[in-house]
file final_21.txt (compact mmCIF, C-alpha atoms and all ligand atoms)
# COMPACT_ATOMS: atom_id res chain seq x y z
CA MET Z 21 68.14 -48.85 148.67
CA GLN Z 22 68.98 -52.06 146.83
CA VAL Z 23 71.47 -52.39 143.99
CA GLU Z 24 69.68 -54.16 141.13
CA ARG Z 25 72.26 -53.95 138.36
CA VAL Z 26 75.83 -52.83 137.77
CA VAL Z 27 77.21 -52.03 134.33
CA LEU Z 28 80.99 -51.89 133.98
CA ARG Z 29 82.14 -49.90 131.00
CA GLN Z 30 85.75 -49.51 129.94
CA ILE Z 31 86.49 -46.37 127.97
CA ASN Z 32 89.56 -44.94 126.34
CA LEU Z 33 89.96 -41.20 125.83
CA PRO Z 34 92.72 -39.80 123.60
CA LEU Z 35 94.83 -37.14 125.36
CA VAL Z 36 95.36 -33.76 123.69
CA SER Z 37 99.11 -34.24 124.22
CA PRO Z 38 101.22 -37.03 125.70
CA PHE Z 39 101.60 -36.80 129.50
CA ARG Z 40 105.04 -37.84 130.76
CA THR Z 41 105.91 -38.41 134.43
CA SER Z 42 108.75 -40.24 136.15
CA LEU Z 43 106.51 -43.33 135.84
CA GLY Z 44 106.17 -43.32 132.04
CA ILE Z 45 104.32 -41.67 129.15
CA GLU Z 46 100.55 -41.75 128.65
CA TYR Z 47 99.01 -41.14 125.23
CA GLU Z 48 95.47 -42.02 126.15
CA LYS Z 49 93.44 -42.22 129.31
CA PRO Z 50 91.60 -45.45 130.11
CA ALA Z 51 88.85 -45.44 132.71
CA LEU Z 52 86.53 -48.05 134.13
CA LEU Z 53 83.11 -46.51 134.65
CA VAL Z 54 80.46 -47.99 136.92
CA GLN Z 55 76.76 -47.41 136.41
CA VAL Z 56 74.58 -48.73 139.21
CA THR Z 57 70.84 -49.12 138.97
CA THR Z 58 69.24 -49.07 142.40
CA SER Z 59 65.71 -49.17 143.73
CA SER Z 60 66.05 -45.36 144.08
CA GLY Z 61 67.57 -44.59 140.67
CA ASP Z 62 70.89 -44.66 138.79
CA GLY Z 63 74.36 -43.46 139.75
CA TRP Z 64 77.79 -43.19 138.13
CA GLY Z 65 81.28 -43.91 139.40
CA GLU Z 66 84.77 -43.85 137.89
CA SER Z 67 87.84 -45.85 138.77
CA VAL Z 68 91.21 -44.10 138.43
CA SER Z 69 93.32 -47.22 137.87
CA GLY Z 70 95.49 -46.97 134.76
CA PHE Z 71 96.80 -49.29 132.05
CA ASP Z 72 99.75 -50.43 134.12
CA ALA Z 73 100.59 -50.76 137.80
CA SER Z 74 103.24 -48.01 137.77
CA TYR Z 75 101.50 -45.50 140.07
CA SER Z 76 100.08 -48.08 142.48
CA SER Z 77 99.58 -51.84 142.51
CA GLU Z 78 96.14 -51.35 140.95
CA TYR Z 79 95.59 -51.45 137.18
CA ILE Z 80 92.46 -51.40 135.10
CA GLU Z 81 92.16 -55.11 134.28
CA GLY Z 82 92.77 -55.97 137.92
CA THR Z 83 90.15 -53.45 138.99
CA HIS Z 84 87.66 -54.98 136.59
CA ASP Z 85 88.47 -58.47 137.80
CA VAL Z 86 88.15 -57.78 141.53
CA MET Z 87 84.95 -55.83 140.94
CA GLN Z 88 83.20 -58.59 139.05
CA ARG Z 89 84.48 -61.51 141.12
CA HIS Z 90 84.51 -60.11 144.65
CA LEU Z 91 83.06 -56.64 145.12
CA ILE Z 92 79.96 -56.35 142.95
CA PRO Z 93 78.52 -59.71 144.10
CA ARG Z 94 78.62 -58.33 147.67
CA LEU Z 95 76.81 -55.17 146.61
CA LEU Z 96 74.18 -57.11 144.68
CA ALA Z 97 73.60 -59.53 147.56
CA ALA Z 98 73.18 -56.83 150.23
CA PRO Z 99 69.57 -56.40 151.38
CA SER Z 100 70.09 -52.65 151.72
CA VAL Z 101 72.94 -50.33 150.70
CA THR Z 102 73.80 -46.68 151.31
CA ALA Z 103 77.01 -44.85 150.38
CA SER Z 104 78.20 -45.02 154.00
CA ALA Z 105 77.55 -48.77 154.09
CA VAL Z 106 79.64 -49.57 150.99
CA ALA Z 107 83.11 -49.49 152.63
CA PRO Z 108 82.12 -51.73 155.59
CA LEU Z 109 80.35 -54.10 153.19
CA LEU Z 110 83.46 -54.41 151.00
CA ALA Z 111 86.00 -54.40 153.87
CA PRO Z 112 86.39 -58.23 153.90
CA VAL Z 113 88.13 -57.80 150.52
CA LYS Z 114 91.59 -56.39 151.26
CA GLY Z 115 93.02 -53.45 149.34
CA HIS Z 116 91.72 -52.55 145.86
CA ARG Z 117 90.88 -49.03 146.95
CA MET Z 118 90.47 -47.71 143.41
CA ALA Z 119 87.83 -50.37 142.71
CA LYS Z 120 86.02 -49.71 145.98
CA ALA Z 121 86.13 -45.96 145.43
CA ALA Z 122 84.36 -46.26 142.08
CA LEU Z 123 81.59 -48.44 143.52
CA GLU Z 124 81.05 -46.19 146.53
CA MET Z 125 80.97 -43.17 144.21
CA ALA Z 126 78.26 -44.73 142.05
CA VAL Z 127 76.11 -45.67 145.07
CA MET Z 128 76.63 -42.21 146.56
CA ASP Z 129 75.61 -40.57 143.27
CA ALA Z 130 72.41 -42.65 143.14
CA GLU Z 131 71.60 -42.02 146.80
CA LEU Z 132 72.21 -38.26 146.67
CA ARG Z 133 70.24 -37.91 143.44
CA SER Z 134 67.30 -39.58 145.16
CA TYR Z 135 67.46 -36.89 147.89
CA GLY Z 136 68.16 -34.08 145.40
CA MET Z 137 71.41 -33.32 147.28
CA SER Z 138 74.78 -32.53 145.67
CA PHE Z 139 78.13 -34.18 146.45
CA ALA Z 140 79.32 -30.75 147.56
CA THR Z 141 76.57 -30.29 150.15
CA SER Z 142 76.84 -33.87 151.34
CA LEU Z 143 80.63 -33.68 151.80
CA GLY Z 144 80.54 -30.30 153.56
CA ALA Z 145 81.64 -27.84 150.87
CA VAL Z 146 81.97 -24.21 151.91
CA THR Z 147 82.43 -22.59 148.49
CA ASP Z 148 80.85 -22.89 145.04
CA ARG Z 149 84.04 -22.51 142.98
CA VAL Z 150 87.57 -23.78 143.45
CA PRO Z 151 90.90 -22.43 142.18
CA SER Z 152 92.41 -24.56 139.48
CA GLY Z 153 96.00 -25.77 139.21
CA VAL Z 154 97.69 -27.63 136.38
CA SER Z 155 100.19 -30.46 136.30
CA VAL Z 156 102.87 -30.08 133.62
CA GLY Z 157 104.55 -33.24 132.37
CA ILE Z 158 108.24 -33.86 131.72
CA MET Z 159 109.21 -32.39 128.34
CA ASN Z 160 111.95 -33.04 125.82
CA SER Z 161 113.53 -29.64 126.38
CA VAL Z 162 113.37 -26.57 128.63
CA PRO Z 163 112.09 -24.28 125.81
CA GLU Z 164 109.24 -26.74 125.23
CA LEU Z 165 108.43 -26.65 128.96
CA LEU Z 166 108.50 -22.84 129.09
CA ALA Z 167 106.08 -22.67 126.15
CA ALA Z 168 103.70 -25.08 127.88
CA VAL Z 169 103.83 -23.21 131.20
CA SER Z 170 103.34 -19.89 129.42
CA GLY Z 171 100.21 -21.26 127.74
CA TYR Z 172 98.74 -22.47 131.04
CA LEU Z 173 99.46 -19.18 132.80
CA ASP Z 174 97.79 -17.32 129.92
CA GLN Z 175 94.72 -19.50 130.40
CA GLY Z 176 94.58 -18.40 134.02
CA TYR Z 177 95.73 -21.47 135.97
CA ARG Z 178 96.45 -20.42 139.54
CA ARG Z 179 99.26 -22.83 140.29
CA ILE Z 180 101.82 -24.77 138.29
CA LYS Z 181 103.04 -28.24 139.23
CA LEU Z 182 106.10 -29.54 137.39
CA LYS Z 183 106.72 -33.25 137.14
CA ILE Z 184 110.33 -34.00 138.00
CA GLU Z 185 112.71 -36.97 137.94
CA PRO Z 186 116.49 -37.37 138.29
CA GLY Z 187 117.97 -35.42 135.35
CA TRP Z 188 114.87 -33.19 135.02
CA ASP Z 189 114.62 -31.21 138.22
CA ILE Z 190 116.89 -28.28 139.09
CA ALA Z 191 117.26 -26.93 135.54
CA PRO Z 192 113.56 -26.86 134.59
CA VAL Z 193 112.57 -25.41 137.98
CA ARG Z 194 115.23 -22.68 137.69
CA ALA Z 195 114.16 -21.91 134.11
CA VAL Z 196 110.48 -21.55 135.07
CA ARG Z 197 111.35 -19.30 138.02
CA GLU Z 198 113.67 -17.11 135.94
CA ARG Z 199 111.22 -16.75 133.09
CA PHE Z 200 107.94 -16.28 135.03
CA GLY Z 201 109.15 -14.76 138.30
CA ASP Z 202 108.62 -15.42 141.98
CA ASP Z 203 104.89 -14.70 141.99
CA VAL Z 204 104.00 -17.90 140.16
CA VAL Z 205 102.80 -20.48 142.68
CA LEU Z 206 105.08 -23.39 141.83
CA GLN Z 207 105.43 -26.92 143.16
CA VAL Z 208 107.04 -30.16 141.96
CA ASP Z 209 106.03 -33.81 141.92
CA ALA Z 210 108.55 -36.66 141.77
CA ASN Z 211 106.18 -39.64 141.91
CA ALA Z 212 108.67 -41.46 144.18
CA ALA Z 213 111.58 -41.16 141.72
CA TYR Z 214 114.30 -40.41 144.33
CA THR Z 215 115.91 -42.23 147.26
CA ALA Z 216 117.03 -41.00 150.66
CA ALA Z 217 120.56 -40.81 149.20
CA ASP Z 218 119.36 -37.93 146.99
CA ALA Z 219 118.61 -35.68 149.99
CA ARG Z 220 121.43 -33.23 149.29
CA HIS Z 221 120.48 -32.97 145.65
CA LEU Z 222 116.81 -32.35 146.54
CA ALA Z 223 117.89 -29.65 149.02
CA ARG Z 224 119.07 -27.62 145.99
CA LEU Z 225 115.37 -27.09 145.21
CA ASP Z 226 115.20 -24.97 148.39
CA ASP Z 227 116.56 -22.02 146.40
CA PHE Z 228 113.43 -21.68 144.26
CA GLY Z 229 110.67 -20.82 146.73
CA LEU Z 230 108.59 -23.89 145.92
CA LEU Z 231 105.27 -24.35 147.66
CA LEU Z 232 106.06 -28.03 148.17
CA ILE Z 233 107.84 -31.15 146.91
CA GLU Z 234 105.39 -33.99 146.37
CA GLN Z 235 106.23 -37.63 147.06
CA PRO Z 236 110.00 -37.54 146.49
CA LEU Z 237 110.60 -41.07 147.86
CA ASP Z 238 109.05 -44.52 147.73
CA GLU Z 239 105.54 -44.74 149.10
CA GLU Z 240 106.65 -46.93 152.02
CA ASP Z 241 109.66 -44.79 152.96
CA MET Z 242 108.17 -42.91 155.91
CA ARG Z 243 111.51 -42.61 157.68
CA GLY Z 244 113.11 -41.12 154.58
CA HIS Z 245 110.31 -38.58 154.20
CA ALA Z 246 110.59 -37.66 157.88
CA ALA Z 247 114.33 -37.04 157.37
CA LEU Z 248 113.59 -34.82 154.34
CA CYS Z 249 111.04 -32.90 156.42
CA ARG Z 250 113.84 -32.11 158.85
CA ASP Z 251 116.58 -31.43 156.32
CA LEU Z 252 114.84 -29.44 153.57
CA ARG Z 253 113.35 -25.99 153.85
CA THR Z 254 110.76 -26.77 151.17
CA PRO Z 255 107.63 -28.41 152.64
CA ILE Z 256 107.17 -32.12 151.90
CA CYS Z 257 103.79 -33.31 150.59
CA LEU Z 258 102.75 -36.96 150.46
CA ASP Z 259 100.57 -38.49 147.74
CA GLU Z 260 101.13 -42.22 147.08
CA SER Z 261 102.00 -42.86 150.78
CA ILE Z 262 98.59 -41.69 152.01
CA VAL Z 263 96.06 -44.44 151.41
CA SER Z 264 93.69 -43.91 154.36
CA ALA Z 265 92.87 -41.62 157.27
CA ARG Z 266 95.00 -43.91 159.43
CA SER Z 267 98.05 -43.61 157.19
CA ALA Z 268 97.56 -39.83 157.14
CA ALA Z 269 97.41 -39.73 160.96
CA ASP Z 270 100.56 -41.90 161.14
CA ALA Z 271 102.49 -39.83 158.59
CA ILE Z 272 101.66 -36.66 160.51
CA ALA Z 273 102.60 -38.22 163.87
CA TRP Z 274 105.95 -39.40 162.44
CA GLY Z 275 106.73 -35.97 161.01
CA ALA Z 276 106.81 -37.42 157.49
CA CYS Z 277 104.82 -34.65 155.76
CA HIS Z 278 103.80 -31.03 156.06
CA ILE Z 279 101.02 -31.22 153.45
CA VAL Z 280 98.79 -33.99 152.06
CA ASN Z 281 97.50 -34.54 148.51
CA ILE Z 282 94.09 -36.23 148.72
CA LYS Z 283 92.91 -38.31 145.77
CA PRO Z 284 89.55 -39.98 146.40
CA GLY Z 285 90.38 -42.84 144.03
CA ARG Z 286 93.64 -43.67 145.77
CA VAL Z 287 92.14 -43.73 149.28
CA GLY Z 288 89.00 -45.80 148.64
CA GLY Z 289 86.44 -43.09 147.97
CA TYR Z 290 85.05 -39.67 148.80
CA LEU Z 291 84.04 -40.62 152.33
CA GLU Z 292 87.56 -41.75 153.29
CA ALA Z 293 88.90 -38.67 151.47
CA ARG Z 294 86.76 -36.53 153.76
CA ARG Z 295 88.07 -38.39 156.82
CA ILE Z 296 91.63 -37.63 155.68
CA HIS Z 297 90.63 -34.00 155.25
CA ASP Z 298 89.31 -34.01 158.82
CA VAL Z 299 92.38 -35.73 160.32
CA CYS Z 300 94.65 -33.22 158.57
CA ALA Z 301 92.49 -30.28 159.60
CA ALA Z 302 92.65 -31.39 163.24
CA SER Z 303 96.45 -31.52 162.99
CA GLY Z 304 96.86 -28.19 161.21
CA VAL Z 305 98.07 -29.91 158.02
CA PRO Z 306 96.77 -28.27 154.81
CA VAL Z 307 95.49 -30.48 151.99
CA TRP Z 308 94.82 -30.17 148.28
CA CYS Z 309 92.93 -32.31 145.81
CA GLY Z 310 95.03 -34.39 143.43
CA GLY Z 311 93.93 -35.63 140.04
CA MET Z 312 94.26 -38.79 137.97
CA LEU Z 313 93.14 -37.36 134.62
CA GLU Z 314 89.54 -38.06 135.55
CA THR Z 315 86.67 -37.70 133.10
CA GLY Z 316 83.97 -35.15 133.92
CA LEU Z 317 82.49 -37.63 136.41
CA GLY Z 318 85.54 -37.80 138.66
CA ARG Z 319 86.29 -34.13 138.01
CA ALA Z 320 82.82 -33.23 139.34
CA GLY Z 321 83.39 -35.19 142.55
CA ASN Z 322 86.90 -33.77 142.95
CA ALA Z 323 85.67 -30.19 142.53
CA ALA Z 324 83.09 -30.86 145.27
CA LEU Z 325 85.74 -32.31 147.60
CA ALA Z 326 88.14 -29.43 146.90
CA ALA Z 327 85.45 -27.05 148.20
CA LEU Z 328 85.89 -28.34 151.79
CA PRO Z 329 87.45 -25.85 154.23
CA ASN Z 330 90.90 -27.43 154.78
CA PHE Z 331 91.58 -27.59 151.01
CA THR Z 332 93.54 -24.37 151.40
CA LEU Z 333 96.02 -25.16 148.60
CA THR Z 334 95.10 -25.15 144.92
CA GLY Z 335 94.52 -28.64 143.54
CA ASP Z 336 95.11 -30.51 140.28
CA VAL Z 337 91.48 -29.95 139.34
CA SER Z 338 92.07 -28.62 135.84
CA ALA Z 339 89.60 -27.83 133.09
CA SER Z 340 88.54 -30.79 130.92
CA ASP Z 341 90.41 -29.41 127.89
CA ARG Z 342 93.76 -29.72 129.72
CA TYR Z 343 93.53 -33.41 128.85
CA PHE Z 344 90.63 -34.10 126.50
CA ALA Z 345 89.42 -32.58 123.22
CA THR Z 346 86.01 -34.04 124.10
CA ASP Z 347 85.02 -35.14 127.60
CA ILE Z 348 82.18 -37.62 128.18
CA THR Z 349 80.18 -35.06 130.22
CA GLU Z 350 79.63 -31.35 129.80
CA PRO Z 351 83.19 -30.06 129.99
CA PHE Z 352 84.58 -28.26 133.04
CA VAL Z 353 85.82 -24.86 131.95
CA LEU Z 354 88.22 -22.42 133.52
CA ARG Z 355 86.65 -19.11 134.57
CA ASP Z 356 88.99 -16.59 136.13
CA GLY Z 357 91.30 -19.46 137.13
CA HIS Z 358 88.50 -21.36 138.87
CA LEU Z 359 86.13 -24.25 138.21
CA ASP Z 360 82.51 -24.14 139.30
CA VAL Z 361 81.53 -26.76 141.86
CA PRO Z 362 78.49 -28.61 140.50
CA GLY Z 363 75.39 -27.82 142.52
CA GLY Z 364 72.91 -30.27 140.97
CA PRO Z 365 71.84 -33.54 142.59
CA GLY Z 366 74.56 -36.18 143.03
CA LEU Z 367 77.65 -35.50 140.92
CA GLY Z 368 75.64 -32.86 139.06
CA VAL Z 369 76.84 -34.22 135.70
CA VAL Z 370 76.06 -37.33 133.64
CA PRO Z 371 77.76 -38.90 130.64
CA ILE Z 372 76.38 -37.81 127.28
CA PRO Z 373 75.26 -41.11 125.67
CA ASP Z 374 76.69 -40.52 122.17
CA LEU Z 375 80.04 -39.30 123.48
CA LEU Z 376 80.19 -42.23 125.88
CA ASP Z 377 79.43 -44.79 123.18
CA GLU Z 378 82.15 -43.38 120.94
CA VAL Z 379 84.89 -44.09 123.48
CA THR Z 380 83.56 -47.34 125.00
CA THR Z 381 85.80 -50.35 124.39
CA SER Z 382 83.92 -52.99 126.42
CA MET Z 383 80.88 -53.46 128.62
CA GLN Z 384 79.70 -56.01 131.14
CA GLU Z 385 76.43 -56.20 133.03
CA LEU Z 386 75.93 -57.86 136.41
CA VAL Z 387 72.45 -58.25 137.88
CA ARG Z 388 71.01 -59.05 141.29
CA PRO Z 389 70.38 -62.77 141.68
CA ARG Z 390 66.65 -63.59 141.94
O1 LIG A 1 95.36 -33.09 136.65
O2 LIG A 1 94.30 -34.97 136.76
C1 LIG A 1 95.34 -34.31 136.74
C2 LIG A 1 96.65 -35.05 136.80
C3 LIG A 1 97.54 -34.60 137.89
O3 LIG A 1 99.83 -35.05 137.74
C4 LIG A 1 98.74 -35.47 138.00
N1 LIG A 1 98.52 -36.72 138.39
O4 LIG A 1 101.00 -38.32 140.31
O5 LIG A 1 99.52 -36.88 140.77
C5 LIG A 1 100.05 -37.63 139.97
C6 LIG A 1 99.59 -37.65 138.54
C7 LIG A 1 99.15 -38.98 138.01
C8 LIG A 1 98.22 -39.03 137.02
C9 LIG A 1 99.65 -40.14 138.48
C10 LIG A 1 97.79 -40.25 136.50
C11 LIG A 1 99.22 -41.35 137.96
C12 LIG A 1 98.29 -41.39 136.97
call {"tool": "encode", "arguments": {"input": "final_21.txt", "output": "structure tokens"}}
result
Amino acid sequence: MQVERVVLRQINLPLVSPFRTSLGIEYEKPALLVQVTTSSGDGWGESVSGFDASYSSEYIEGTHDVMQRHLIPRLLAAPSVTASAVAPLLAPVKGHRMAKAALEMAVMDAELRSYGMSFATSLGAVTDRVPSGVSVGIMNSVPELLAAVSGYLDQGYRRIKLKIEPGWDIAPVRAVRERFGDDVVLQVDANAAYTAADARHLARLDDFGLLLIEQPLDEEDMRGHAALCRDLRTPICLDESIVSARSAADAIAWGACHIVNIKPGRVGGYLEARRIHDVCAASGVPVWCGGMLETGLGRAGNAALAALPNFTLTGDVSASDRYFATDITEPFVLRDGHLDVPGGPGLGVVPIPDLLDEVTTSMQELVRPR
């Protein structure tokens, strides 16, 4: 398979409500979409980099820049490309995992479509629907939070994740537990907002029967996370710290996590995400699929990944309407607290041209040199 043409398309989707985390507030969701045209057909990918570099060092303009200057020219110059060959081909360019993930995803979509095989089958899915969890942002008040959580539980979400930060942690968690009871599967996500000096404060969360605390400390603070694993009763889950199968293996060996959140975008693509799944499975470490407010394209791939056997915890794979009034693909809907895993060829979904055009802010085409 040869890559003949790559179209980069930046889109901007309004969010149904602002999404606040310890990193900042988002009012809209930007995404850089990749459409590859290959000798075997077309494929779509999506980069999860955001407007700013608050979650990781990657951001959308940087992703666009490294793609057009360094990554796409390598793809276009390669005599033959498959999804498995993309990461080795792009390895001479350091880092930029979100950019690489989007390109690999697009090539994988094109390749699998040409075989008539789904992402789910190709990755090793063992189920055709996955339970759906929801991430609840930081709110202005506890009553506002309780109303939001109540709405999500009524819709059937199977697990609630509360975003926390210093000043918004113990009280909201206690309020949700008191109001909705111990049966609600509840976890929290700090997005690295604490330091090792906060260990005693974080230990107060042990009273609330949380499933896990996600990424309390800086992404590089493995020693701090290992100490929290020893000192807290609540299991520690890593997100930002896990960027590859190697970093997952290291974190597990150092005792720095009990659970891993896998986000394909963060780790360089679905194939590395599967390797992380496998490393964790071999070590008895459960995983779940994170989310980065993906459009229907990324949501389709994430639902497929979440159907692998060691995804034993409910992921942030929410219905499209959690974030968007209108998605760019057929929307993912919640049925009995689950999302269907697409079974069609490739991602099993494609952007709807009119919806895509409405939200496109810029486009660039790169073609294979003759
Ligand atoms: O459901 O897609 C989703 C979002 C889940 O909370 C969520 N994502 O830190 O995990 C995270 C957080 C996030 C989203 C972080 C966007 C950065 C950008």
call {"tool": "atom_distance", "arguments": {"input": "final_21.txt", "atom1": "atom CA of Leu35 of chain Z", "atom2": "atom CA of Val353 of chain Z"}}
result
16.6 Å
call {"tool": "residues_near_ligand", "arguments": {"input": "final_21.txt", "ligand": "ligand LIG 1 (chain A)", "cutoff": "10 Å", "atoms": "all atoms listed in the file", "output": "PyMOL selection string"}}
result
chain Z and resi 39-46+49+68-76+152-157+181-183+208-212+234-235+259-260+281-283+286+309-315+318-319+322+335-340+342-343
call {"tool": "residues_around", "arguments": {"input": "final_21.txt", "residues": "Thr141 of chain Z", "least_positions_apart": "4", "cutoff": "12 Å", "atoms": "all atoms listed in the file", "output": "ChimeraX atom specification"}}
result
/Z:132-133,135-137,145-148,321,323-325,327-328,361-368
call {"tool": "residues_around", "arguments": {"input": "final_21.txt", "residues": "Glu240 of chain Z", "least_positions_apart": "3", "cutoff": "9 Å", "atoms": "only C-alpha atoms", "output": "number ranges by chain"}}
result
Z: 237, 243, 260-261
call {"tool": "closest_residue", "arguments": {"input": "final_21.txt", "among": "Z:Leu291, Z:Thr346, Z:Ala140, Z:Ile272", "to": "Lys120 of chain Z", "atoms": "only C-alpha atoms"}}
result
Z:Leu291
call {"tool": "closest_residue", "arguments": {"input": "final_21.txt", "among": "Z:Leu386, Z:Leu375, Z:Ala276, Z:Met242", "to": "Met87 of chain Z", "atoms": "only C-alpha atoms"}}
result
Z:Leu386
call {"tool": "residues_near_point", "arguments": {"input": "final_21.txt", "point": "(103.5, -24.2, 151.6)", "cutoff": "10 Å", "atoms": "all atoms listed in the file", "output": "list in words"}}
result
Val205, Leu206, Gln207, Gly229, Leu230, Leu231, Leu232, Ile233, Thr254, Pro255, Ile256, Cys257, His278, Ile279, Pro306, Thr332 and Leu333 of chain Z
